[in-house]
>>> print(open('upload-v2.cif').read())   # mmCIF, C-alpha atoms
data_work
#
loop_
_atom_site.label_atom_id
_atom_site.label_comp_id
_atom_site.auth_asym_id
_atom_site.auth_seq_id
_atom_site.Cartn_x
_atom_site.Cartn_y
_atom_site.Cartn_z
CA MET A 1 35.12 -45.87 117.56
CA LYS A 2 38.48 -46.32 119.23
CA GLN A 3 37.53 -43.37 121.42
CA LEU A 4 34.57 -45.42 122.63
CA THR A 5 36.79 -48.26 123.85
CA LEU A 6 39.21 -45.86 125.47
CA THR A 7 36.44 -44.04 127.31
CA LEU A 8 34.90 -47.26 128.57
CA LEU A 9 38.21 -48.51 129.87
CA CYS A 10 39.22 -45.22 131.49
CA PHE A 11 35.94 -44.45 133.21
CA ALA A 12 34.92 -47.95 134.26
CA SER A 13 38.40 -48.85 135.52
CA ALA A 14 38.78 -45.60 137.41
CA LEU A 15 35.34 -45.88 138.97
CA LEU A 16 35.81 -49.48 140.05
CA SER A 17 39.29 -48.78 141.39
CA ALA A 18 38.19 -45.74 143.37
CA GLN A 19 34.77 -46.98 144.44
CA GLY A 20 34.92 -50.71 144.44
CA LEU A 21 38.04 -51.74 146.30
CA SER A 22 37.14 -52.27 149.93
CA SER A 23 38.05 -54.87 152.50
CA LYS A 24 36.42 -56.08 155.66
CA LYS A 25 39.88 -56.27 157.18
CA GLU A 26 42.00 -53.18 157.60
CA THR A 27 45.12 -55.34 157.44
CA VAL A 28 44.92 -55.89 153.69
CA THR A 29 48.41 -55.40 152.26
CA HIS A 30 49.38 -52.97 149.52
CA SER A 31 50.29 -55.94 147.33
CA SER A 32 46.88 -57.57 147.64
CA LYS A 33 45.21 -54.26 146.79
CA ASN A 34 47.28 -54.03 143.65
CA ILE A 35 46.21 -57.55 142.72
CA GLN A 36 42.57 -56.58 143.24
CA LYS A 37 43.00 -53.53 141.04
CA GLN A 38 44.71 -55.56 138.33
CA ASN A 39 41.92 -58.13 138.36
CA LEU A 40 39.28 -55.40 138.10
CA HIS A 41 41.06 -53.73 135.20
CA GLN A 42 41.34 -57.06 133.41
CA SER A 43 37.64 -57.69 133.96
CA VAL A 44 36.79 -54.28 132.50
CA GLN A 45 39.09 -54.90 129.51
CA LEU A 46 37.56 -58.30 128.79
CA GLU A 47 34.00 -57.06 129.12
CA THR A 48 34.70 -54.02 126.95
CA ASP A 49 36.25 -56.19 124.24
CA ARG A 50 33.29 -58.57 124.43
CA ILE A 51 30.64 -55.91 123.84
CA PHE A 52 32.60 -53.67 121.47
CA ASP A 53 31.04 -54.90 118.22
CA LYS A 54 27.58 -54.66 119.76
CA LEU A 55 28.22 -51.05 120.76
CA VAL A 56 29.47 -50.23 117.26
CA ASN A 57 26.17 -51.55 115.88
CA ILE A 58 24.20 -49.55 118.46
CA ARG A 59 26.05 -46.38 117.52
CA ARG A 60 25.39 -47.00 113.84
CA ASP A 61 21.71 -47.56 114.53
CA PHE A 62 21.53 -44.22 116.35
CA HIS A 63 23.42 -42.60 113.46
CA GLU A 64 21.05 -44.02 110.86
CA ASN A 65 17.92 -43.07 112.80
CA PRO A 66 18.52 -39.58 114.26
CA GLU A 67 15.79 -37.59 115.98
CA LEU A 68 15.64 -33.84 116.52
CA ALA A 69 15.43 -32.11 119.89
CA GLY A 70 12.10 -32.76 121.53
CA LYS A 71 11.36 -35.73 119.25
CA GLU A 72 13.74 -38.38 120.65
CA LYS A 73 10.94 -40.93 121.14
CA GLN A 74 12.52 -43.97 119.48
CA THR A 75 15.93 -43.08 120.86
CA GLN A 76 14.44 -43.04 124.35
CA GLU A 77 12.82 -46.43 123.84
CA LYS A 78 16.08 -48.02 122.70
CA ILE A 79 18.01 -46.63 125.66
CA LYS A 80 15.29 -47.60 128.14
CA ARG A 81 15.12 -51.18 126.85
CA TYR A 82 18.91 -51.56 126.93
CA LEU A 83 19.17 -50.36 130.53
CA LEU A 84 16.23 -52.46 131.70
CA ASP A 85 17.80 -55.55 130.12
CA LEU A 86 20.91 -54.84 132.21
CA GLY A 87 18.78 -54.85 135.35
CA LEU A 88 18.98 -51.11 136.05
CA GLU A 89 16.18 -49.07 137.54
CA VAL A 90 14.98 -46.71 134.80
CA LYS A 91 13.13 -43.39 135.03
CA THR A 92 11.58 -41.75 131.96
CA ASP A 93 9.07 -39.37 133.55
CA LEU A 94 11.32 -36.45 134.47
CA TYR A 95 11.31 -34.31 131.33
CA GLY A 96 10.63 -34.90 127.64
CA TYR A 97 12.24 -38.02 126.27
CA GLY A 98 15.01 -38.07 128.85
CA VAL A 99 16.15 -41.28 130.52
CA VAL A 100 17.84 -41.87 133.86
CA GLY A 101 19.29 -45.30 134.62
CA ILE A 102 20.26 -46.21 138.18
CA LEU A 103 22.87 -48.86 138.95
CA LYS A 104 23.34 -49.65 142.64
CA GLY A 105 26.57 -51.38 143.60
CA ASP A 106 26.65 -54.12 146.19
CA GLN A 107 28.49 -51.86 148.63
CA LYS A 108 27.87 -48.36 149.93
CA GLY A 109 29.83 -45.49 148.48
CA LYS A 110 29.71 -42.31 146.41
CA LYS A 111 26.97 -41.44 143.95
CA ILE A 112 28.44 -40.80 140.49
CA ALA A 113 26.55 -39.69 137.36
CA TRP A 114 27.43 -40.04 133.69
CA ARG A 115 25.64 -37.75 131.24
CA SER A 116 25.05 -38.29 127.51
CA ASP A 117 23.09 -36.10 125.10
CA MET A 118 20.54 -37.60 122.70
CA ASP A 119 19.33 -35.26 119.95
CA ALA A 120 20.51 -34.80 116.38
CA LEU A 121 20.99 -31.73 114.18
CA PRO A 122 18.79 -30.39 111.37
CA ASN A 123 21.26 -30.58 108.49
CA ASP A 124 22.24 -32.55 105.41
CA TYR A 125 26.03 -32.26 105.36
CA PRO A 126 27.91 -34.77 103.17
CA ASP A 127 28.39 -38.01 105.13
CA PRO A 128 30.90 -40.53 103.74
CA GLU A 129 29.79 -43.33 106.07
CA THR A 130 27.98 -46.39 104.71
CA PHE A 131 25.58 -46.11 107.66
CA LYS A 132 24.54 -42.51 106.94
CA SER A 133 21.28 -41.04 108.18
CA LYS A 134 18.10 -42.51 106.71
CA ILE A 135 16.15 -39.38 107.67
CA LYS A 136 16.42 -36.57 105.14
CA GLY A 137 17.51 -33.28 106.68
CA ILE A 138 18.49 -34.77 110.05
CA GLN A 139 21.93 -36.02 111.11
CA HIS A 140 23.96 -36.94 114.15
CA GLY A 141 26.65 -34.48 113.12
CA CYS A 142 27.78 -33.63 116.65
CA GLY A 143 28.68 -37.03 118.10
CA HIS A 144 25.64 -37.63 120.27
CA ASP A 145 25.23 -41.10 118.75
CA ILE A 146 28.70 -42.01 120.05
CA HIS A 147 28.03 -40.36 123.42
CA MET A 148 24.95 -42.53 123.90
CA ALA A 149 26.78 -45.69 122.88
CA VAL A 150 29.57 -44.88 125.37
CA GLY A 151 27.02 -44.35 128.14
CA LEU A 152 25.31 -47.66 127.42
CA GLY A 153 28.67 -49.41 127.25
CA ILE A 154 29.76 -48.07 130.63
CA ALA A 155 26.41 -49.15 132.09
CA GLU A 156 26.89 -52.69 130.79
CA VAL A 157 30.52 -53.03 131.91
CA LEU A 158 29.73 -51.74 135.40
CA SER A 159 26.59 -53.88 135.71
CA LYS A 160 28.70 -56.96 134.99
CA ASN A 161 31.05 -55.88 137.80
CA LYS A 162 28.30 -54.94 140.24
CA LYS A 163 29.79 -56.94 143.10
CA SER A 164 32.95 -54.81 142.97
CA LEU A 165 31.05 -51.54 142.61
CA LYS A 166 30.94 -49.42 145.74
CA GLY A 167 28.21 -46.82 145.52
CA THR A 168 25.61 -45.88 142.92
CA VAL A 169 26.05 -44.80 139.30
CA TYR A 170 23.41 -42.74 137.50
CA PHE A 171 23.22 -42.66 133.70
CA ILE A 172 21.60 -39.43 132.54
CA PHE A 173 20.50 -39.38 128.90
CA GLN A 174 19.59 -35.75 128.24
CA PRO A 175 17.23 -34.74 125.41
CA GLU A 176 17.15 -31.37 123.65
CA GLU A 177 20.81 -30.46 124.05
CA GLU A 178 21.06 -28.60 120.76
CA THR A 179 18.31 -26.18 121.78
CA PHE A 180 19.86 -25.55 125.24
CA LYS A 181 16.54 -26.58 126.77
CA GLY A 182 16.96 -30.16 127.94
CA ALA A 183 19.53 -29.72 130.72
CA LYS A 184 17.78 -26.68 132.19
CA GLU A 185 14.39 -28.38 132.13
CA MET A 186 15.72 -31.57 133.74
CA LEU A 187 17.26 -29.49 136.52
CA ASP A 188 14.11 -27.40 136.93
CA LYS A 189 12.06 -30.61 137.19
CA GLY A 190 14.21 -31.72 140.13
CA LEU A 191 16.75 -34.10 138.59
CA LEU A 192 19.44 -33.42 141.17
CA SER A 193 17.04 -33.75 144.08
CA ILE A 194 15.96 -37.14 142.77
CA ILE A 195 19.40 -38.64 142.11
CA ASN A 196 21.57 -36.27 144.22
CA PRO A 197 24.97 -37.26 142.74
CA ASP A 198 28.29 -36.32 144.34
CA GLU A 199 29.91 -35.90 140.91
CA ILE A 200 28.80 -35.79 137.25
CA TYR A 201 30.94 -36.73 134.26
CA GLY A 202 30.44 -36.48 130.51
CA LEU A 203 32.42 -36.26 127.29
CA HIS A 204 32.42 -34.89 123.76
CA VAL A 205 34.25 -36.77 121.03
CA THR A 206 36.46 -34.73 118.74
CA ALA A 207 39.31 -35.11 116.26
CA ILE A 208 42.33 -35.56 118.52
CA PRO A 209 44.74 -38.53 118.67
CA VAL A 210 43.42 -41.60 120.47
CA GLY A 211 44.71 -41.67 124.03
CA GLN A 212 44.57 -37.91 124.57
CA ILE A 213 41.99 -36.16 126.72
CA MET A 214 41.38 -32.40 126.76
CA VAL A 215 39.81 -30.53 129.65
CA LYS A 216 39.26 -26.86 130.42
CA PRO A 217 36.88 -24.78 132.54
CA ASN A 218 33.79 -23.11 131.10
CA GLU A 219 32.75 -23.56 127.46
CA MET A 220 35.00 -25.61 125.19
CA PHE A 221 33.11 -26.78 122.11
CA ALA A 222 31.22 -24.90 119.45
CA TYR A 223 27.44 -25.00 119.43
CA GLN A 224 24.79 -23.95 116.97
CA LYS A 225 23.68 -20.35 117.14
CA LYS A 226 21.81 -18.40 114.51
CA ILE A 227 22.72 -14.82 113.70
CA ARG A 228 21.01 -12.47 111.31
CA VAL A 229 23.10 -10.15 109.14
CA GLN A 230 21.22 -7.22 107.69
CA LYS A 231 22.65 -4.72 105.23
CA ARG A 232 22.49 -1.24 106.64
CA GLN A 233 20.95 1.42 104.42
CA GLN A 234 23.27 4.29 103.73
CA SER A 235 21.73 7.66 104.51
#
>>> encode(input="upload-v2.cif", output="structure tokens")
Amino acid sequence: MKQLTLTLLCFASALLSAQGLSSKKETVTHSSKNIQKQNLHQSVQLETDRIFDKLVNIRRDFHENPELAGKEKQTQEKIKRYLLDLGLEVKTDLYGYGVVGILKGDQKGKKIAWRSDMDALPNDYPDPETFKSKIKGIQHGCGHDIHMAVGLGIAEVLSKNKKSLKGTVYFIFQPEEETFKGAKEMLDKGLLSIINPDEIYGLHVTAIPVGQIMVKPNEMFAYQKKIRVQKRQQS
């Protein structure tokens, strides 16, 4: 879960620094801007530390109670309730069990989206964790439980710094990722015309040292795909 803290700090700090630092006077000095940035980063750090244990528990709850693609009903309810409690506008009527949370900053600015996937995998791989899945044959084996916890954490940190937030942040919780259906259906149903973001960000946790981030164009991670191997009859 160290990756969770790192992601919260990196994204929230960067967003607040880029979006939230504005002044009514154009004569603000470089020094005062640096002080503003430092104060914002400290606020993000303190808020992230404060909610860390809660986010760990949320992630473990998702991990223990996974739901397959197209069946993310309870997952949707948990996400919706969390975002509503933060004061965000929440939409759940776009496609399937998807959720979109909308956080409007107190100042005008860019529209940024953060995307997290929701569904689990149909498998029973050995899981050494004490909080392993309670649902036989279904597991969060691809990190979507952590992705959701990160998204909720960013939403909470930014909502607590709403006065410094310039612009609007959308939190897209996408169902049916493992079947390749959810993203396409959300787009076909008009997601981008409804929220119209300038930029969209997301992540996938993986086994690299904490503090490192990998990026590359096009596909990067493995996904599930079934193939059928049939023995050819010799003539």
>>> residues_around(input="upload-v2.cif", residues="Gln76 of chain A", least_positions_apart="4", cutoff="9 Å", atoms="all atoms listed in the file", output="compact mmCIF listing (two decimals) with C-alpha atoms, in the coordinates of the input")
# COMPACT_ATOMS: atom_id res chain seq x y z
CA GLU A 72 13.74 -38.38 120.65
CA LYS A 80 15.29 -47.60 128.14
CA ARG A 81 15.12 -51.18 126.85
CA THR A 92 11.58 -41.75 131.96
CA TYR A 97 12.24 -38.02 126.27
CA GLY A 98 15.01 -38.07 128.85
CA VAL A 99 16.15 -41.28 130.52
CA MET A 118 20.54 -37.60 122.70
CA PHE A 173 20.50 -39.38 128.90
CA PRO A 175 17.23 -34.74 125.41
>>> residues_around(input="upload-v2.cif", residues="segment 122-138 of chain A", least_positions_apart="5", cutoff="7 Å", atoms="only C-alpha atoms", output="PyMOL selection string")
chain A and resi 60+63-66+68
>>> resolve_selection(input="upload-v2.cif", expression="the PyMOL selection byres ((chain A and resi 191) around 12)", output="PyMOL selection string")
chain A and resi 91-95+98-100+113+170-174+182-190+192-197
>>> atom_distance(input="upload-v2.cif", atom1="atom CA of Lys110 of chain A", atom2="atom CA of Ser159 of chain A")
16.1 Å
>>> closest_residue(input="upload-v2.cif", among="A:Gly109, A:Val157, A:Leu121, A:Met214", to="His140 of chain A", atoms="only C-alpha atoms")
A:Leu121
>>> closest_atom_pairs(input="upload-v2.cif", of="segment 94-172 of chain A", to="segment 201-208 of chain A", cutoff="9 Å", atoms="all atoms listed in the file", output="CSV")
residue,atom,partner,partner_atom,distance
A:Ile112,CA,A:Tyr201,CA,7.9
A:Ala113,CA,A:Tyr201,CA,6.1
A:Trp114,CA,A:Tyr201,CA,4.9
A:Arg115,CA,A:Gly202,CA,5.0
A:Ser116,CA,A:Gly202,CA,6.4
A:Cys142,CA,A:Val205,CA,8.4
A:Gly143,CA,A:Val205,CA,6.3
A:His144,CA,A:His204,CA,8.1
A:Ile146,CA,A:Val205,CA,7.7
A:His147,CA,A:His204,CA,7.0
A:Gly151,CA,A:Gly202,CA,8.9
>>> write_last_selection(input="upload-v2.cif", atoms="C-alpha atoms", output="mmCIF file, keeping the file's coordinate frame")
data_model
loop_
_atom_site.group_PDB
_atom_site.id
_atom_site.type_symbol
_atom_site.label_atom_id
_atom_site.label_comp_id
_atom_site.auth_asym_id
_atom_site.auth_seq_id
_atom_site.Cartn_x
_atom_site.Cartn_y
_atom_site.Cartn_z
ATOM 1 C CA ILE A 112 28.440 -40.800 140.490
ATOM 2 C CA ALA A 113 26.550 -39.690 137.360
ATOM 3 C CA TRP A 114 27.430 -40.040 133.690
ATOM 4 C CA ARG A 115 25.640 -37.750 131.240
ATOM 5 C CA SER A 116 25.050 -38.290 127.510
ATOM 6 C CA CYS A 142 27.780 -33.630 116.650
ATOM 7 C CA GLY A 143 28.680 -37.030 118.100
ATOM 8 C CA HIS A 144 25.640 -37.630 120.270
ATOM 9 C CA ILE A 146 28.700 -42.010 120.050
ATOM 10 C CA HIS A 147 28.030 -40.360 123.420
ATOM 11 C CA GLY A 151 27.020 -44.350 128.140
#
>>> atom_distance(input="upload-v2.cif", atom1="atom CA of Ile227 of chain A", atom2="atom CA of Val215 of chain A")
28.2 Å
>>> atom_distance(input="upload-v2.cif", atom1="atom CA of Lys226 of chain A", atom2="atom CA of Asp145 of chain A")
23.3 Å
>>> resolve_selection(input="upload-v2.cif", expression="the PyMOL selection byres ((chain A and resi 88) around 9)", output="PyMOL selection string")
chain A and resi 83-87+89-90+101-104+155+159
>>> closest_residue(input="upload-v2.cif", among="A:Gln212, A:Gln139, A:Asn161, A:Gln107", to="Ser43 of chain A", atoms="all atoms listed in the file")
A:Asn161
>>> decode(input="upload-v2.cif", residues="segment 169-185 of chain A", atoms="N, CA, C and O atoms", output="mmCIF file, in the first residue's frame")
data_model
loop_
_atom_site.group_PDB
_atom_site.id
_atom_site.type_symbol
_atom_site.label_atom_id
_atom_site.label_comp_id
_atom_site.auth_asym_id
_atom_site.auth_seq_id
_atom_site.Cartn_x
_atom_site.Cartn_y
_atom_site.Cartn_z
ATOM 1 N N VAL A 169 -12.433 18.317 -11.206
ATOM 2 C CA VAL A 169 -11.838 16.984 -11.293
ATOM 3 C C VAL A 169 -12.966 15.960 -11.364
ATOM 4 O O VAL A 169 -13.894 15.983 -10.548
ATOM 5 N N TYR A 170 -12.880 15.078 -12.350
ATOM 6 C CA TYR A 170 -13.857 14.001 -12.511
ATOM 7 C C TYR A 170 -13.220 12.682 -12.084
ATOM 8 O O TYR A 170 -12.079 12.382 -12.457
ATOM 9 N N PHE A 171 -13.959 11.897 -11.326
ATOM 10 C CA PHE A 171 -13.484 10.580 -10.895
ATOM 11 C C PHE A 171 -14.338 9.522 -11.592
ATOM 12 O O PHE A 171 -15.510 9.352 -11.279
ATOM 13 N N ILE A 172 -13.726 8.850 -12.564
ATOM 14 C CA ILE A 172 -14.431 7.854 -13.370
ATOM 15 C C ILE A 172 -14.125 6.468 -12.813
ATOM 16 O O ILE A 172 -12.975 6.016 -12.834
ATOM 17 N N PHE A 173 -15.131 5.787 -12.318
ATOM 18 C CA PHE A 173 -14.981 4.406 -11.865
ATOM 19 C C PHE A 173 -15.643 3.528 -12.922
ATOM 20 O O PHE A 173 -16.869 3.493 -13.058
ATOM 21 N N GLN A 174 -14.809 2.833 -13.674
ATOM 22 C CA GLN A 174 -15.244 2.099 -14.866
ATOM 23 C C GLN A 174 -15.508 0.629 -14.559
ATOM 24 O O GLN A 174 -14.622 -0.084 -14.099
ATOM 25 N N PRO A 175 -16.703 0.143 -14.841
ATOM 26 C CA PRO A 175 -16.999 -1.288 -14.674
ATOM 27 C C PRO A 175 -16.516 -2.078 -15.890
ATOM 28 O O PRO A 175 -16.111 -1.504 -16.903
ATOM 29 N N GLU A 176 -16.519 -3.379 -15.767
ATOM 30 C CA GLU A 176 -16.324 -4.298 -16.898
ATOM 31 C C GLU A 176 -15.030 -4.028 -17.678
ATOM 32 O O GLU A 176 -15.014 -4.051 -18.899
ATOM 33 N N GLU A 177 -13.953 -3.830 -16.957
ATOM 34 C CA GLU A 177 -12.668 -3.621 -17.631
ATOM 35 C C GLU A 177 -12.109 -4.923 -18.172
ATOM 36 O O GLU A 177 -11.538 -4.957 -19.265
ATOM 37 N N GLU A 178 -12.276 -5.998 -17.423
ATOM 38 C CA GLU A 178 -11.673 -7.273 -17.803
ATOM 39 C C GLU A 178 -12.306 -7.881 -19.051
ATOM 40 O O GLU A 178 -11.716 -8.756 -19.678
ATOM 41 N N THR A 179 -13.489 -7.438 -19.403
ATOM 42 C CA THR A 179 -14.153 -7.945 -20.604
ATOM 43 C C THR A 179 -14.016 -6.971 -21.775
ATOM 44 O O THR A 179 -14.594 -7.206 -22.843
ATOM 45 N N PHE A 180 -13.277 -5.881 -21.575
ATOM 46 C CA PHE A 180 -13.050 -4.854 -22.607
ATOM 47 C C PHE A 180 -14.331 -4.143 -23.014
ATOM 48 O O PHE A 180 -14.369 -3.465 -24.030
ATOM 49 N N LYS A 181 -15.380 -4.271 -22.217
ATOM 50 C CA LYS A 181 -16.669 -3.706 -22.603
ATOM 51 C C LYS A 181 -16.961 -2.370 -21.945
ATOM 52 O O LYS A 181 -17.546 -1.476 -22.554
ATOM 53 N N GLY A 182 -16.543 -2.224 -20.683
ATOM 54 C CA GLY A 182 -16.946 -1.058 -19.900
ATOM 55 C C GLY A 182 -16.529 0.278 -20.478
ATOM 56 O O GLY A 182 -17.353 1.205 -20.597
ATOM 57 N N ALA A 183 -15.255 0.416 -20.842
ATOM 58 C CA ALA A 183 -14.770 1.696 -21.359
ATOM 59 C C ALA A 183 -15.480 2.070 -22.656
ATOM 60 O O ALA A 183 -15.920 3.213 -22.840
ATOM 61 N N LYS A 184 -15.592 1.100 -23.559
ATOM 62 C CA LYS A 184 -16.247 1.365 -24.848
ATOM 63 C C LYS A 184 -17.702 1.773 -24.649
ATOM 64 O O LYS A 184 -18.192 2.725 -25.282
ATOM 65 N N GLU A 185 -18.393 1.074 -23.762
ATOM 66 C CA GLU A 185 -19.804 1.378 -23.541
ATOM 67 C C GLU A 185 -19.974 2.757 -22.891
ATOM 68 O O GLU A 185 -20.901 3.499 -23.238
#
